[in-house]
Amino acid sequence: MNIPSNLKYTKDHEWLKVEGNGEATVGITDFAQSQLGDIVFIEVETVGETLGHEEVFGTVEAVKTVSDMFMPVSGEVLEVNPKITDQPDVVNKDPYGEGWIVKIKMTNPAEVNNLLTAEQYKSVVSE
């Protein structure tokens with residue numbers, strides 16, 4: 001299972017990569033996509049909205065289930081990955097690269113300190 005050490009994680013299986021200027025990229029983890037199976041649709045209707053930590057920012061639909069995606073930190077949803085509209089399975093193939101879900105502007109960057117490290121996340125998914 002791929003758990004990059006340069007990212008932060010949530011217990012709900014989202015990852016966060018902090019960029020410059022308080023911006024961050026958010027996606028779902030390799031573990032999450034493997035548990036969901038073949039992803040067929042991703043819906044994010046929160047662009048332009050400012051959401052709190054753990055608020056739902058979208059849903060991911062797989063062949064057998066639909067799951068909510070939760071904000072790892074508070075912030076404004078700036079952009080949705082255009083690839084996931086036409087090719088939602090890119091999240092299955094490359095969850096940490098081309099399969100990112102949204103870019104956000106963090107409103108409270110200190111919340112990053114409450115997220116899990118790669119090592120901590122490994123212990124969550126190995127339970």
# chains A, B, ... in the order shown; residues from 1 in each chain; ligands from 1
call {"tool": "residues_around", "arguments": {"residues": "stretch 5-17 of chain A", "least_positions_apart": "6", "cutoff": "7 Å", "atoms": "only C-alpha atoms", "output": "MDAnalysis selection string"}}
result
chainID A and resid 24:29 32 72 115:118 121 124
call {"tool": "select_by_dssp", "arguments": {"residues": "chain A", "states": "strand (DSSP E)", "output": "VMD selection string"}}
result
chain A and resid 8 to 9 14 to 18 23 to 28 39 to 43 50 to 51 56 to 62 66 to 70 75 to 80 102 to 106
call {"tool": "select_by_dssp", "arguments": {"residues": "stretch 37-104 of chain A", "states": "alpha helix (DSSP H)", "output": "PyMOL selection string"}}
result
chain A and resi 83-86+90-93
call {"tool": "closest_residue", "arguments": {"among": "A:Val18, A:Gly58, A:Pro95, A:Gln120", "to": "A:Val80", "atoms": "only C-alpha atoms"}}
result
A:Gly58
call {"tool": "atom_distance", "arguments": {"atom1": "atom CA of A:Ser74", "atom2": "atom CA of A:Phe57"}}
result
10.7 Å
call {"tool": "closest_residue", "arguments": {"among": "A:Gly37, A:Pro4, A:Gly52, A:Gly20", "to": "A:Glu76", "atoms": "only C-alpha atoms"}}
result
A:Gly52
call {"tool": "closest_residue", "arguments": {"among": "A:Asn92, A:Thr65, A:Thr59, A:Thr50", "to": "A:Val77", "atoms": "only C-alpha atoms"}}
result
A:Thr50
call {"tool": "closest_residue", "arguments": {"among": "A:Met1, A:Ile101, A:Met71, A:Ser126", "to": "A:Gln87", "atoms": "only C-alpha atoms"}}
result
A:Ile101
call {"tool": "closest_residue", "arguments": {"among": "A:Val44, A:Leu78, A:Val90, A:Val73", "to": "A:Pro109", "atoms": "only C-alpha atoms"}}
result
A:Val73
call {"tool": "closest_residue", "arguments": {"among": "A:Asp68, A:Glu119, A:Asp94, A:Glu49", "to": "A:Thr107", "atoms": "only C-alpha atoms"}}
result
A:Glu49
